[in-house]
>>> print(open('query.txt').read())   # compact mmCIF, C-alpha atoms
# COMPACT_ATOMS: atom_id res chain seq x y z
CA MET A 11 25.39 -29.92 15.55
CA ALA A 12 21.81 -28.75 15.99
CA THR A 13 20.48 -26.03 13.74
CA THR A 14 18.07 -23.39 14.88
CA ALA A 15 15.15 -22.75 12.58
CA HIS A 16 14.66 -19.09 11.83
CA PRO A 17 11.13 -18.15 10.85
CA THR A 18 10.69 -16.22 7.64
CA VAL A 19 9.23 -12.74 7.65
CA LEU A 20 6.03 -14.17 6.18
CA ALA A 21 5.83 -16.80 8.94
CA ALA A 22 6.20 -14.07 11.58
CA VAL A 23 3.51 -11.93 9.90
CA LEU A 24 1.13 -14.89 9.63
CA ALA A 25 1.73 -15.80 13.27
CA ALA A 26 0.96 -12.23 14.34
CA HIS A 27 -2.00 -11.51 12.06
CA GLY A 28 -3.47 -14.83 10.97
CA THR A 29 -3.71 -16.55 7.63
CA GLN A 30 -6.31 -14.29 6.05
CA CYS A 31 -5.62 -11.38 3.71
CA GLY A 32 -5.39 -8.24 5.86
CA CYS A 33 -6.25 -5.60 3.27
CA ALA A 34 -9.22 -4.26 5.28
CA GLY A 35 -10.65 -2.66 2.17
CA ALA A 36 -7.46 -0.90 1.06
CA CYS A 37 -7.91 -2.67 -2.29
CA GLY A 38 -11.05 -0.66 -2.95
CA LYS A 39 -13.49 -3.52 -2.40
CA GLU A 40 -15.99 -3.50 0.42
CA HIS A 41 -15.20 -6.82 2.07
CA ALA A 42 -17.70 -8.16 4.56
CA SER A 43 -16.37 -7.58 8.08
CA ARG A 44 -13.66 -5.33 6.56
CA ARG A 45 -11.56 -8.46 5.86
CA CYS A 46 -10.87 -10.06 2.50
CA PRO A 47 -12.25 -13.59 2.42
CA ALA A 48 -9.09 -14.91 0.73
CA GLY A 49 -7.68 -17.68 2.86
CA THR A 50 -10.86 -18.44 4.81
CA ASP A 51 -12.45 -21.17 2.70
CA LYS A 52 -9.40 -22.57 0.92
CA PRO A 53 -5.67 -22.00 1.16
CA VAL A 54 -4.44 -19.04 -0.84
CA GLU A 55 -0.91 -17.81 -1.37
CA LEU A 56 -0.27 -14.81 0.86
CA HIS A 57 2.73 -12.54 1.10
CA ALA A 58 3.85 -10.00 3.67
CA ALA A 59 3.56 -6.36 2.67
CA PRO A 60 2.98 -3.03 4.44
CA TYR A 61 -0.39 -1.85 5.59
CA PRO A 62 -1.13 0.67 4.31
CA PRO A 63 0.86 0.22 1.09
CA ARG A 64 3.41 2.85 0.10
CA ALA A 65 3.65 4.26 -3.41
CA THR A 66 7.17 3.09 -4.27
CA ASP A 67 8.96 -0.23 -4.02
CA VAL A 68 11.73 1.43 -2.01
CA GLU A 69 9.23 2.75 0.56
CA ASN A 70 7.54 -0.66 0.78
CA ALA A 71 10.87 -2.45 1.27
CA ALA A 72 11.88 -0.08 4.08
CA VAL A 73 8.81 -0.74 6.24
CA PRO A 74 9.54 -2.40 9.59
CA VAL A 75 8.23 -5.94 10.09
CA ALA A 76 5.73 -4.68 12.68
CA GLU A 77 3.90 -2.75 9.91
CA LEU A 78 3.58 -5.77 7.61
CA ARG A 79 0.32 -7.65 7.11
CA PRO A 80 -0.62 -10.70 5.07
CA TRP A 81 -1.96 -9.85 1.60
CA CYS A 82 -3.40 -11.94 -1.21
CA GLY A 83 -2.07 -11.04 -4.65
CA PRO A 84 -5.24 -9.43 -6.09
CA CYS A 85 -5.80 -7.19 -3.06
CA TRP A 86 -2.13 -6.14 -2.89
CA ARG A 87 -2.00 -5.20 -6.58
CA ALA A 88 -5.25 -3.22 -6.32
CA ALA A 89 -4.20 -1.43 -3.11
CA LEU A 90 -0.77 -0.61 -4.53
CA ARG A 91 -2.35 0.75 -7.72
CA ARG A 92 -4.75 2.90 -5.65
CA GLU A 93 -1.89 4.29 -3.54
CA ARG A 94 0.22 5.05 -6.59
CA ASP A 95 -2.74 6.79 -8.26
CA ARG A 96 -3.38 8.79 -5.07
CA ARG A 97 0.28 9.84 -4.87
CA GLU A 98 0.30 10.84 -8.56
CA LEU A 99 -2.85 12.92 -8.09
CA LEU A 100 -1.25 14.66 -5.11
CA ARG A 101 1.92 15.37 -7.13
CA ARG A 102 -0.13 16.84 -9.96
CA HIS A 103 -2.09 19.02 -7.55
CA GLU A 104 1.13 20.29 -5.92
CA LEU A 105 2.60 21.05 -9.35
CA ASP A 106 -0.55 22.90 -10.40
CA GLN A 107 -0.48 24.94 -7.20
CA ALA A 108 3.19 25.79 -7.68
CA GLN A 109 2.52 27.05 -11.21
CA LEU A 110 -0.40 29.32 -10.30
CA ALA A 111 1.99 32.21 -9.62
CA LEU A 112 3.20 31.99 -13.21
CA PHE A 113 -0.22 33.12 -14.39
CA ASP A 114 -1.01 35.63 -11.65
CA PRO A 115 -0.91 39.15 -13.15
CA ALA A 116 -0.24 40.73 -9.74
CA ALA A 117 2.75 38.46 -9.18
CA LEU A 118 4.07 39.15 -12.68
CA ALA A 119 3.76 42.91 -12.20
CA ALA A 120 5.55 42.78 -8.84
CA GLY A 121 8.37 40.55 -10.17
>>> encode(input="query.txt", output="C-alpha cells")
Amino acid sequence: MATTAHPTVLAAVLAAHGTQCGCAGACGKEHASRRCPAGTDKPVELHAAPYPPRATDVENAAVPVAELRPWCGPCWRAALRRERDRRELLRRHELDQAQLALFDPAALAAG
C-alpha cells in the first residue's frame, strides 16, 4: 500500500515564502532589504508563525496558514515581545482613559 506524504505546515510556509526569516523588521531591527539575513549564508532553524505576530499564544495558534511566515528564533522572540509590550501599553492607556471620569469634578457633581 502506497502512502501519501503530507507536507508539514512549516514545509508549506517555506515553499510559499522561501527559506529566509520573514520578519521584515517586525523584530525591531533594521534589516538590509527589510529581510533578516538569517538563512541566507548558512542554514538556520526556522519555524512558521504569524506575520504580524499576535500578543497571545491563543491568537497566534488561531492564525490561518496563509498568514504564516518563516521566522528565525531571535526575530520571533523580539517581535512577539514588541507586540506584547504594544498591547500592554494600549491596555494601560484604555484603563487610564476609563478612569478619567472618576476624577472629573463635573462628572462627580452630576452623578
>>> closest_residue(input="query.txt", among="A:Val54, A:Ala89, A:Leu99, A:Leu78", to="His27 in chain A", atoms="all atoms listed in the file")
A:Leu78
>>> atom_distance(input="query.txt", atom1="CA of Ala48 in chain A", atom2="CA of Glu77 in chain A")
20.0 Å
>>> residues_around(input="query.txt", residues="Arg87 in chain A", least_positions_apart="3", cutoff="12 Å", atoms="all atoms listed in the file", output="ChimeraX atom specification")
/A:33,36-38,57,59,63-65,81-84,90-94
>>> closest_residue(input="query.txt", among="A:Ala108, A:Ala88, A:Ala58, A:Ala71", to="Val23 in chain A", atoms="all atoms listed in the file")
A:Ala58
>>> closest_residue(input="query.txt", among="A:Gly32, A:Pro47, A:Pro53, A:Pro74", to="Trp86 in chain A", atoms="all atoms listed in the file")
A:Gly32
>>> atom_distance(input="query.txt", atom1="CA of Val19 in chain A", atom2="CA of Arg79 in chain A")
10.3 Å
>>> closest_residue(input="query.txt", among="A:Ala76, A:Leu112, A:Tyr61, A:Leu100", to="Ala34 in chain A", atoms="only C-alpha atoms")
A:Tyr61
>>> closest_residue(input="query.txt", among="A:Val68, A:Ala116, A:Cys31, A:Val75", to="Cys46 in chain A", atoms="all atoms listed in the file")
A:Cys31
>>> decode(input="query.txt", residues="range 26-48 of chain A", atoms="C-alpha atoms", output="compact mmCIF listing (two decimals), in the first residue's frame")
# COMPACT_ATOMS: atom_id res chain seq x y z
CA ALA A 26 5.43 29.70 -0.26
CA HIS A 27 7.82 32.23 1.27
CA GLY A 28 11.34 30.87 0.93
CA THR A 29 13.89 29.73 3.45
CA GLN A 30 14.80 33.13 4.87
CA CYS A 31 13.39 34.67 8.04
CA GLY A 32 10.40 36.80 7.02
CA CYS A 33 10.29 39.23 9.94
CA ALA A 34 10.63 42.31 7.68
CA GLY A 35 11.78 44.39 10.63
CA ALA A 36 8.96 43.39 13.00
CA CYS A 37 11.68 42.36 15.46
CA GLY A 38 12.76 45.98 15.81
CA LYS A 39 15.98 45.66 13.84
CA GLU A 40 16.53 47.48 10.59
CA HIS A 41 17.49 44.59 8.33
CA ALA A 42 19.03 45.44 4.99
CA SER A 43 16.41 44.99 2.27
CA ARG A 44 13.77 44.68 5.03
CA ARG A 45 14.64 40.96 5.34
CA CYS A 46 16.51 39.26 8.15
CA PRO A 47 19.71 37.69 6.85
CA ALA A 48 19.11 34.50 8.86
